[in-house]
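S.K.: So here's model-v6.txt, just compact mmCIF, C-alpha atoms and all ligand atoms:
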```
# COMPACT_ATOMS: atom_id res chain seq x y z
CA MET R 14 17.65 -16.14 14.39
CA LYS R 15 14.45 -17.67 13.15
CA GLU R 16 12.43 -15.20 15.15
CA ARG R 17 14.37 -12.35 13.63
CA ALA R 18 13.76 -13.76 10.19
CA ASP R 19 10.07 -14.06 10.91
CA LYS R 20 9.90 -10.47 12.07
CA SER R 21 11.68 -9.45 8.94
CA VAL R 22 9.14 -11.28 6.84
CA ASP R 23 6.31 -9.71 8.81
CA LYS R 24 7.71 -6.26 8.20
CA ALA R 25 8.19 -7.01 4.53
CA ALA R 26 4.67 -8.30 4.32
CA VAL R 27 3.40 -5.07 5.83
CA ASP R 28 5.49 -3.06 3.38
CA ARG R 29 4.23 -5.28 0.63
CA ARG R 30 0.69 -4.22 1.10
CA SER R 31 1.62 -0.59 1.16
CA PHE R 32 -1.19 0.23 -1.19
CA LEU R 33 -3.53 -1.18 1.40
CA SER R 34 -1.90 0.84 4.12
CA VAL R 35 -2.79 4.04 2.35
CA ALA R 36 -6.43 3.48 3.13
CA LEU R 37 -5.45 3.38 6.75
CA SER R 38 -2.78 6.03 6.70
CA THR R 39 -4.81 8.63 8.54
CA CYS R 40 -4.70 6.43 11.61
CA ALA R 41 -1.78 4.24 10.73
CA PHE R 42 -0.15 4.62 14.11
CA THR R 43 -3.01 3.32 16.18
CA PRO R 44 -2.93 -0.32 17.30
CA LEU R 45 -6.28 -0.98 15.65
CA ALA R 46 -5.07 0.25 12.29
CA THR R 47 -1.95 -1.88 12.56
CA LEU R 48 -4.08 -4.90 13.31
CA SER R 49 -6.32 -4.16 10.37
CA LEU R 50 -3.32 -3.80 8.12
CA GLN R 51 -1.95 -7.15 9.22
CA LEU R 52 -5.29 -8.78 8.61
CA ALA R 53 -5.49 -7.27 5.17
CA THR R 54 -1.94 -8.39 4.51
CA SER R 55 -2.77 -11.95 5.35
CA LEU R 56 -5.32 -11.94 2.56
CA ALA R 57 -2.47 -11.36 0.09
CA GLY R 58 -4.91 -9.87 -2.37
CA SER R 59 -5.02 -7.08 -4.90
CA LEU R 60 -6.52 -3.67 -4.30
CA THR R 61 -10.22 -3.68 -3.58
CA LYS R 62 -12.55 -0.96 -4.83
CA GLU R 63 -12.96 0.39 -1.31
CA GLN R 64 -9.23 0.56 -0.73
CA ARG R 65 -8.55 2.24 -4.05
CA ASP R 66 -11.42 4.70 -3.74
CA SER R 67 -10.31 5.74 -0.25
CA MET R 68 -6.99 7.03 -1.61
CA THR R 69 -6.38 10.57 -2.81
CA PRO R 70 -4.41 11.12 -6.02
CA SER R 71 -1.49 12.39 -3.93
CA GLN R 72 -1.55 9.27 -1.78
CA VAL R 73 -1.41 7.09 -4.88
CA ASN R 74 1.56 9.14 -6.07
CA ASP R 75 3.24 8.66 -2.68
CA GLU R 76 2.70 4.90 -2.86
CA LEU R 77 4.44 4.77 -6.23
CA LYS R 78 7.35 6.72 -4.74
CA LYS R 79 7.58 4.29 -1.85
CA GLY R 80 7.43 1.35 -4.24
CA ASN R 81 10.33 2.79 -6.23
CA GLU R 82 12.29 3.28 -3.01
CA ARG R 83 11.78 -0.42 -2.20
CA PHE R 84 12.95 -1.34 -5.69
CA ARG R 85 16.05 0.84 -5.43
CA ALA R 86 16.89 -0.54 -2.02
CA GLY R 87 16.55 -4.12 -3.25
CA LYS R 88 13.83 -4.63 -0.65
CA MET R 89 10.96 -5.41 -2.94
CA ALA R 90 7.89 -6.87 -1.37
CA PRO R 91 7.64 -10.64 -1.43
CA ARG R 92 4.62 -11.35 -3.59
CA ASP R 93 2.17 -14.16 -3.96
CA TYR R 94 1.17 -13.61 -7.58
CA LEU R 95 -1.20 -16.57 -7.48
CA ALA R 96 -3.05 -15.05 -4.53
CA GLU R 97 -3.15 -11.70 -6.31
CA LYS R 98 -4.40 -13.44 -9.44
CA ARG R 99 -7.19 -15.12 -7.47
CA SER R 100 -8.26 -11.97 -5.67
CA SER R 101 -8.30 -9.83 -8.81
CA ALA R 102 -9.87 -12.28 -11.27
CA ALA R 103 -13.40 -11.06 -10.63
CA GLY R 104 -12.56 -7.37 -10.89
CA GLN R 105 -9.73 -4.85 -11.05
CA TYR R 106 -9.42 -1.54 -9.24
CA PRO R 107 -6.03 -0.10 -10.22
CA ALA R 108 -5.03 3.15 -8.56
CA ALA R 109 -2.93 4.58 -11.40
CA VAL R 110 -2.41 4.49 -15.15
CA ILE R 111 1.22 4.67 -16.20
CA LEU R 112 2.43 5.51 -19.70
CA GLY R 113 5.97 4.22 -20.07
CA CYS R 114 8.50 3.47 -22.77
CA LEU R 115 8.82 0.18 -24.61
CA ASP R 116 12.36 -0.12 -23.22
CA SER R 117 12.88 -3.55 -21.66
CA ARG R 118 14.67 -2.01 -18.70
CA VAL R 119 11.72 0.07 -17.50
CA PRO R 120 8.83 -2.25 -16.62
CA ALA R 121 6.62 0.01 -14.54
CA GLU R 122 5.21 -2.69 -12.30
CA ILE R 123 8.71 -3.71 -11.26
CA VAL R 124 10.35 -0.31 -10.81
CA PHE R 125 7.36 0.78 -8.70
CA ASP R 126 7.09 -2.60 -6.97
CA ALA R 127 3.39 -2.89 -7.74
CA GLY R 128 1.35 -6.08 -7.87
CA LEU R 129 -1.28 -7.58 -10.12
CA GLY R 130 -4.27 -5.28 -10.28
CA ASP R 131 -2.49 -2.25 -8.77
CA THR R 132 -1.71 -0.25 -11.93
CA PHE R 133 -2.75 0.06 -15.55
CA VAL R 134 0.35 0.24 -17.74
CA GLY R 135 0.61 1.33 -21.37
CA ARG R 136 3.96 1.19 -23.09
CA VAL R 137 5.16 2.52 -26.41
CA ALA R 138 8.61 3.60 -27.58
CA GLY R 139 9.23 7.14 -26.36
CA ASN R 140 6.17 7.12 -24.07
CA VAL R 141 4.16 9.23 -26.50
CA VAL R 142 0.38 9.53 -26.71
CA ASN R 143 -2.00 9.00 -29.57
CA ASP R 144 -5.78 8.72 -29.68
CA ASP R 145 -5.72 5.08 -28.59
CA MET R 146 -3.48 5.78 -25.61
CA LEU R 147 -5.64 8.75 -24.62
CA GLY R 148 -8.69 6.52 -24.89
CA SER R 149 -7.00 3.96 -22.67
CA MET R 150 -6.21 6.63 -20.09
CA GLU R 151 -9.78 7.89 -20.19
CA PHE R 152 -11.00 4.35 -19.61
CA ALA R 153 -8.57 3.94 -16.71
CA CYS R 154 -9.66 7.13 -14.96
CA ALA R 155 -13.20 7.99 -16.06
CA VAL R 156 -14.55 4.44 -16.24
CA SER R 157 -12.40 2.35 -13.93
CA GLY R 158 -11.58 5.03 -11.33
CA ALA R 159 -7.79 5.32 -11.35
CA LYS R 160 -6.55 8.41 -9.49
CA LEU R 161 -3.21 9.11 -11.14
CA VAL R 162 -1.94 9.50 -14.70
CA LEU R 163 1.83 9.11 -14.79
CA VAL R 164 3.99 9.66 -17.87
CA LEU R 165 7.29 7.90 -17.27
CA GLY R 166 10.29 8.79 -19.41
CA HIS R 167 13.76 7.45 -18.84
CA THR R 168 17.44 8.16 -19.37
CA ALA R 169 19.31 6.95 -22.44
CA CYS R 170 16.05 6.42 -24.33
CA GLY R 171 16.66 4.82 -27.71
CA ALA R 172 13.50 6.34 -29.18
CA VAL R 173 14.66 9.80 -28.17
CA LYS R 174 18.05 9.10 -29.74
CA GLY R 175 16.27 7.99 -32.90
CA ALA R 176 14.27 11.20 -33.01
CA ILE R 177 17.43 13.26 -32.54
CA ASP R 178 19.13 11.33 -35.35
CA ASP R 179 16.14 11.61 -37.70
CA VAL R 180 16.00 7.85 -38.11
CA VAL R 181 13.80 6.75 -41.02
CA LEU R 182 12.49 3.19 -40.83
CA GLY R 183 9.05 1.98 -41.78
CA ASN R 184 6.39 2.77 -39.21
CA LEU R 185 9.05 3.89 -36.75
CA THR R 186 9.39 7.12 -38.73
CA GLY R 187 5.90 8.23 -37.75
CA LEU R 188 6.42 7.27 -34.14
CA LEU R 189 9.63 9.23 -33.88
CA ALA R 190 7.85 12.24 -35.41
CA ARG R 191 5.83 12.42 -32.19
CA ILE R 192 9.06 12.98 -30.27
CA LYS R 193 10.46 15.60 -32.65
CA PRO R 194 8.73 18.53 -30.89
CA ALA R 195 10.76 17.67 -27.80
CA VAL R 196 13.96 17.77 -29.83
CA ALA R 197 13.03 21.19 -31.20
CA GLY R 198 11.84 22.42 -27.84
CA THR R 199 14.85 21.52 -25.71
CA LYS R 200 17.13 24.39 -24.83
CA PHE R 201 20.59 22.97 -24.32
CA ASP R 202 24.11 24.38 -24.10
CA GLY R 203 26.50 21.84 -25.49
CA GLU R 204 26.66 19.20 -28.16
CA LYS R 205 23.20 18.44 -29.46
CA SER R 206 23.85 14.87 -30.48
CA SER R 207 22.50 11.44 -29.62
CA LYS R 208 26.01 10.65 -28.42
CA ASN R 209 25.69 13.27 -25.68
CA ALA R 210 23.90 11.52 -22.80
CA SER R 211 23.02 14.80 -21.09
CA TYR R 212 21.35 16.10 -24.21
CA VAL R 213 19.45 12.86 -24.80
CA ASP R 214 18.12 12.99 -21.23
CA ALA R 215 17.21 16.67 -21.56
CA VAL R 216 15.14 15.88 -24.65
CA ALA R 217 13.51 12.92 -22.89
CA ARG R 218 12.55 15.22 -20.04
CA THR R 219 11.09 17.79 -22.43
CA ASN R 220 9.20 14.97 -24.11
CA VAL R 221 7.54 14.02 -20.82
CA VAL R 222 6.52 17.64 -20.20
CA LEU R 223 5.10 17.97 -23.71
CA VAL R 224 3.21 14.68 -23.41
CA LEU R 225 1.63 15.92 -20.17
CA ALA R 226 0.50 19.07 -21.97
CA GLU R 227 -0.78 17.02 -24.88
CA ILE R 228 -2.83 14.81 -22.58
CA ARG R 229 -4.52 17.85 -21.07
CA ARG R 230 -5.03 19.49 -24.46
CA ARG R 231 -6.38 16.46 -26.28
CA SER R 232 -8.42 14.92 -23.48
CA PRO R 233 -11.02 17.28 -22.04
CA ILE R 234 -12.21 14.34 -19.95
CA LEU R 235 -8.88 13.92 -18.17
CA GLU R 236 -8.36 17.67 -17.92
CA GLU R 237 -11.75 18.05 -16.25
CA LEU R 238 -11.05 15.20 -13.81
CA GLU R 239 -7.76 16.90 -12.93
CA LYS R 240 -9.44 20.29 -12.39
CA LYS R 241 -11.98 18.65 -10.09
CA GLY R 242 -9.15 17.08 -8.11
CA SER R 243 -10.35 13.58 -8.93
CA ILE R 244 -7.03 12.71 -10.55
CA LYS R 245 -3.49 14.01 -10.79
CA ILE R 246 -1.53 14.07 -14.04
CA VAL R 247 2.21 13.89 -13.37
CA GLY R 248 5.47 13.14 -15.14
CA ALA R 249 8.63 11.42 -14.07
CA MET R 250 12.03 10.32 -15.31
CA TYR R 251 13.51 6.91 -14.53
CA ASP R 252 17.29 6.66 -14.27
CA LEU R 253 18.52 3.42 -15.82
CA ALA R 254 21.73 3.53 -13.82
CA THR R 255 20.35 4.21 -10.35
CA GLY R 256 16.81 2.86 -10.61
CA ALA R 257 15.52 6.14 -9.20
CA VAL R 258 12.35 7.80 -10.40
CA GLU R 259 12.40 11.59 -10.29
CA PHE R 260 8.99 13.23 -10.43
CA ILE R 261 9.09 16.34 -12.57
CA GLY R 262 5.63 17.82 -12.31
ZN ZN A 1 12.86 4.57 -24.18
```
Before anything else, please render the file you have as structure tokens.
Ligand SMILES: [Zn+2]
M.R.:
Amino acid sequence: MKERADKSVDKAAVDRRSFLSVALSTCAFTPLATLSLQLATSLAGSLTKEQRDSMTPSQVNDELKKGNERFRAGKMAPRDYLAEKRSSAAGQYPAAVILGCLDSRVPAEIVFDAGLGDTFVGRVAGNVVNDDMLGSMEFACAVSGAKLVLVLGHTACGAVKGAIDDVVLGNLTGLLARIKPAVAGTKFDGEKSSKNASYVDAVARTNVVLVLAEIRRRSPILEELEKKGSIKIVGAMYDLATGAVEFIG
């Protein structure tokens, strides 16, 4: 029984360092690569520059998908945050920058099962961009070397509901105005109300698509990196009920 448990832990530990495994994925089935992976795992550290730089944008995207699958399955990697803290204190080499919603139920690091130093995360209600967020993304990719820009919307988004309902409240009014183009731009057959969950989610999806377009339009730096293939810019929707992330382009 103990041996089985140990094997289980070993496997989890290997899964846990899945970001590391990407660097080795081209030869992941050779004994040497497996050994290397186990050695890297034993270090229990954050991504190194070499490991991050060896990944393609698509591989980074795949790692996020795998991390979400672990989260959904309730098989999240056991983490040693203190070890990750120690290994990343002198430098960070995150592989992705994620723009998510303020919503307390969608912490990107958790739903993608990522560790300290693995991802940059910016969060604001409705996952909209402004100059500061674009600047942060440009820092993440053009300066720090992240390979993926991910805009993460989610179901039942309160900010989207607020935009649909034309909520007026202090500084929130201006924030919700950034979501209004998604309300106007969503084709929908049925009741267009914040009480209609399908409609709310359709608007949230449109919002992600529009934010992706806005990033490309307002950031020539990110657009150029994408054209060169240095980064990918993608969107996704997180389902509060299932925990699943659906990538939408
Ligand atoms: Zn939200």
S.K.: What's the 7 Å shell around Val137 (chain R), counting all atoms listed in the file, without same-chain residues fewer than 4 positions away, as a VMD selection string?
M.R.: chain R and resid 113 to 115 141
S.K.: Just want the 8 Å neighbourhood of Lys78 (chain R), counted on only C-alpha atoms, with same-chain residues fewer than 3 positions away dropped. Output as a PyMOL selection string.
M.R.: chain R and resi 74-75+81-82+125+258
S.K.: Go through chain R residue by residue and, counting only C-alpha atoms and all ligand atoms, keep those with an atom at most 9 Å from ligand ZN 1 (chain A); for each kept residue give the shortest atom pair and its distance in Å to one decimal, ordered by chain and increasing number, as a tab-separated table.
M.R.:
```
residue	atom	partner	partner_atom	distance
R:Gly113	CA	A:ZN1	ZN	8.0
R:Cys114	CA	A:ZN1	ZN	4.7
R:Leu115	CA	A:ZN1	ZN	6.0
R:Asp116	CA	A:ZN1	ZN	4.8
R:Ser117	CA	A:ZN1	ZN	8.5
R:Arg118	CA	A:ZN1	ZN	8.8
R:Val119	CA	A:ZN1	ZN	8.1
R:Val137	CA	A:ZN1	ZN	8.3
R:Ala138	CA	A:ZN1	ZN	5.5
R:Gly139	CA	A:ZN1	ZN	5.0
R:Asn140	CA	A:ZN1	ZN	7.2
R:Gly166	CA	A:ZN1	ZN	6.9
R:His167	CA	A:ZN1	ZN	6.1
R:Thr168	CA	A:ZN1	ZN	7.5
R:Ala169	CA	A:ZN1	ZN	7.1
R:Cys170	CA	A:ZN1	ZN	3.7
R:Gly171	CA	A:ZN1	ZN	5.2
R:Ala172	CA	A:ZN1	ZN	5.3
R:Val173	CA	A:ZN1	ZN	6.8
R:Lys174	CA	A:ZN1	ZN	8.9
R:Ala217	CA	A:ZN1	ZN	8.5
```
S.K.: Between CA of Met150 (chain R) and CA of Arg83 (chain R), what distance in Å does the model show, to one decimal?
M.R.: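 Atom-to-atom, CA of Met150 (chain R) and CA of Arg83 (chain R) are spaced 26.3 Å apart.
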S.K.: Show me the residues around (14.5, 15.2, -25.0) - criterion: an atom at most 9 Å away, all atoms listed in the file counted - as number ranges by chain.
M.R.: R: 170, 173-174, 176-177, 192-199, 212-221
S.K.: Env of Gly262 (chain R): 12 Å cut, atoms = all atoms listed in the file, seq-sep filter 5 positions within chain, self excluded. Answer as a PyMOL selection string.
M.R.: chain R and resi 74+162-165+218-219+221-226+245-250
S.K.: Output C-alpha atoms for every residue in the selection just made, as an mmCIF file, in the coordinates of the input.
M.R.:
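Result saved to selection.cif:
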```
data_model
loop_
_atom_site.group_PDB
_atom_site.id
_atom_site.type_symbol
_atom_site.label_atom_id
_atom_site.label_comp_id
_atom_site.auth_asym_id
_atom_site.auth_seq_id
_atom_site.Cartn_x
_atom_site.Cartn_y
_atom_site.Cartn_z
ATOM 1 C CA ASN R 74 1.560 9.140 -6.070
ATOM 2 C CA VAL R 162 -1.940 9.500 -14.700
ATOM 3 C CA LEU R 163 1.830 9.110 -14.790
ATOM 4 C CA VAL R 164 3.990 9.660 -17.870
ATOM 5 C CA LEU R 165 7.290 7.900 -17.270
ATOM 6 C CA ARG R 218 12.550 15.220 -20.040
ATOM 7 C CA THR R 219 11.090 17.790 -22.430
ATOM 8 C CA VAL R 221 7.540 14.020 -20.820
ATOM 9 C CA VAL R 222 6.520 17.640 -20.200
ATOM 10 C CA LEU R 223 5.100 17.970 -23.710
ATOM 11 C CA VAL R 224 3.210 14.680 -23.410
ATOM 12 C CA LEU R 225 1.630 15.920 -20.170
ATOM 13 C CA ALA R 226 0.500 19.070 -21.970
ATOM 14 C CA LYS R 245 -3.490 14.010 -10.790
ATOM 15 C CA ILE R 246 -1.530 14.070 -14.040
ATOM 16 C CA VAL R 247 2.210 13.890 -13.370
ATOM 17 C CA GLY R 248 5.470 13.140 -15.140
ATOM 18 C CA ALA R 249 8.630 11.420 -14.070
ATOM 19 C CA MET R 250 12.030 10.320 -15.310
#
```
S.K.: Extending 6 Å beyond the listed atoms of region 205-211 of chain R on each side, what axis-aligned box results? I want centre and edge lengths in Å to one decimal, as JSON.
M.R.:
```
{"center_x": 24.3, "center_y": 14.5, "center_z": -25.8, "size_x": 15.5, "size_y": 19.8, "size_z": 21.4}
```
S.K.: Find the spatial neighbours of Gly104 (chain R), counting all atoms listed in the file, within a cut-off of 10 Å - ignore same-chain residues fewer than 3 positions away - and output them as a list of chain:residue names.
M.R.: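 Contacts, in chain order: R:Ser59, R:Leu60, R:Thr61, R:Lys62, R:Ser100, R:Ser101, R:Pro107, R:Gly130.
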S.K.: Return the single residue from R:Leu235, R:Val142, R:Ala109, R:Val156 that is closest to Ala190 (chain R), with distances computed using only C-alpha atoms.
M.R.: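 Between R:Leu235, R:Val142, R:Ala109, R:Val156, the residue approaching Ala190 (chain R) most closely is R:Val142.
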S.K.: Grab the CA of Gly87 (chain R) to CA of Leu112 (chain R) distance for me, in Å with one decimal place.
M.R.: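 It comes out at 23.7 Å.
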S.K.: Counting all atoms listed in the file, which of R:Gln105, R:Asn209, R:Ser243, R:Ser71 gets nearest to Asp131 (chain R)?
M.R.: R:Gln105
S.K.: Could you tell me how far CA of Leu77 (chain R) sits from CA of Lys160 (chain R), in Å to one decimal place?
M.R.: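 Answer for the CA of Lys160 (chain R) to CA of Leu77 (chain R) separation: 12.0 Å.
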S.K.: Would you mind listing what lies within 8 Å of Met89 (chain R) as a compact mmCIF listing (two decimals) with C-alpha atoms, in the frame of the given file, with all atoms listed in the file counted and same-chain residues fewer than 2 positions away left out?
M.R.:
```
# COMPACT_ATOMS: atom_id res chain seq x y z
CA ARG R 29 4.23 -5.28 0.63
CA GLY R 80 7.43 1.35 -4.24
CA ARG R 83 11.78 -0.42 -2.20
CA PHE R 84 12.95 -1.34 -5.69
CA ALA R 86 16.89 -0.54 -2.02
CA GLY R 87 16.55 -4.12 -3.25
CA PRO R 91 7.64 -10.64 -1.43
CA ASP R 126 7.09 -2.60 -6.97
```
S.K.: Which one is closest to Gly242 (chain R): R:Ala155, R:Asp179, R:Thr69, R:Val134? Count all atoms listed in the file.
M.R.: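 Checking each candidate against Gly242 (chain R), we get R:Thr69 as the closest.
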S.K.: Rank R:Thr132, R:Ser207, R:Gln64, R:Thr255 by their smallest atom-to-atom distance to Ile111 (chain R), using only C-alpha atoms, and report the top residue only.
M.R.: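 Of R:Thr132, R:Ser207, R:Gln64, R:Thr255, the one nearest Ile111 (chain R), counting only C-alpha atoms, is R:Thr132.
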S.K.: Which residue, R:Gly58, R:Gly128, R:Gly256, R:Pro70, has the smallest gap to Ala159 (chain R) when you use all atoms listed in the file?
M.R.: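 Among the listed residues, the smallest separation from Ala159 (chain R) belongs to R:Pro70.
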